[in-house]
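K.L.:
First, the structure itself, so that you have it in front of you.
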Amino acid sequence: MPVTPDYLRSAAEVISSAASLREAATLWRTRDPAMRVVVVDAMDMRDETPALRQGSRSIYLATSDGHCWSITQKPEEATALILAED
């Protein structure tokens with residue numbers, strides 16, 4: 001499922017309504033099993049710009065070349081969502 005503005009809005013709804021980020025990740029993996037979802041400490045993302053912020057929770061888009069991961073601002077490249085909370 002490509003990452004579109006509607007996709008990000010849906011993800012934001014899930015992360016804002018879930019009791020925890022881990023619960024949000026589990027819910028999103030169920031909704032879109034093809035998308036990798038990772039929960040990390042906010043400190044790990046301190047130099048990155050989130051694709052979307054929902055209160056104290058952030059969604060970052062990531063892509064991989066098969067070996068290394070990188071943050072992307074291009075939704076069409078995203079193959080993973082990284083979730084963090086301040």
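By order of appearance in the structure tokens: chains A, B, ..., then residues from 1 within every chain, and ligands from 1 in the order shown.
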From chain A, collect each residue whose DSSP state is strand (DSSP E) and return the set as a list in words.
P.N.:
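Written out, the strand (DSSP E) residues of chain A are Arg36, Val37, Val38, Val39, Leu52, Arg53, Gln54, Arg57, Ser58, Ile59, Tyr60, Leu61, Ala62, Thr63, Ser64, Trp69, Ser70, Ile71, Thr72, Ala80, Leu81, Ile82, Leu83, Ala84 and Glu85 of chain A.
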K.L.:
With only C-alpha atoms as the basis for distance, which of A:Leu83, A:Leu52, A:Ala24, A:Arg36 is at the shortest distance from Ser64 (chain A)?
P.N.:
A:Arg36
K.L.:
Go ahead and compute the interatomic distance for CA of Leu27 (chain A) and CA of Val14 (chain A), in Å to one decimal.
P.N.:
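A separation of 7.4 Å between them.
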K.L.:
Measuring between only C-alpha atoms, which one of A:Asp32, A:Gly66, A:Ala18, A:Ile71 shows the shortest distance to Asp47 (chain A)?
P.N.:
A:Ile71
K.L.:
Between A:Asp65, A:Glu77, A:Asp86, A:Glu13, which residue has the minimum interatomic distance to Asp44 (chain A), considering only C-alpha atoms?
P.N.:
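Among the listed residues, the smallest separation from Asp44 (chain A) belongs to A:Asp86.
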K.L.:
Using only C-alpha atoms, which residue out of A:Ala51, A:Ala62, A:Val38, A:Leu21 lies closest to Ala78 (chain A)?
P.N.:
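Under the stated criterion, the closest residue is A:Ala62.
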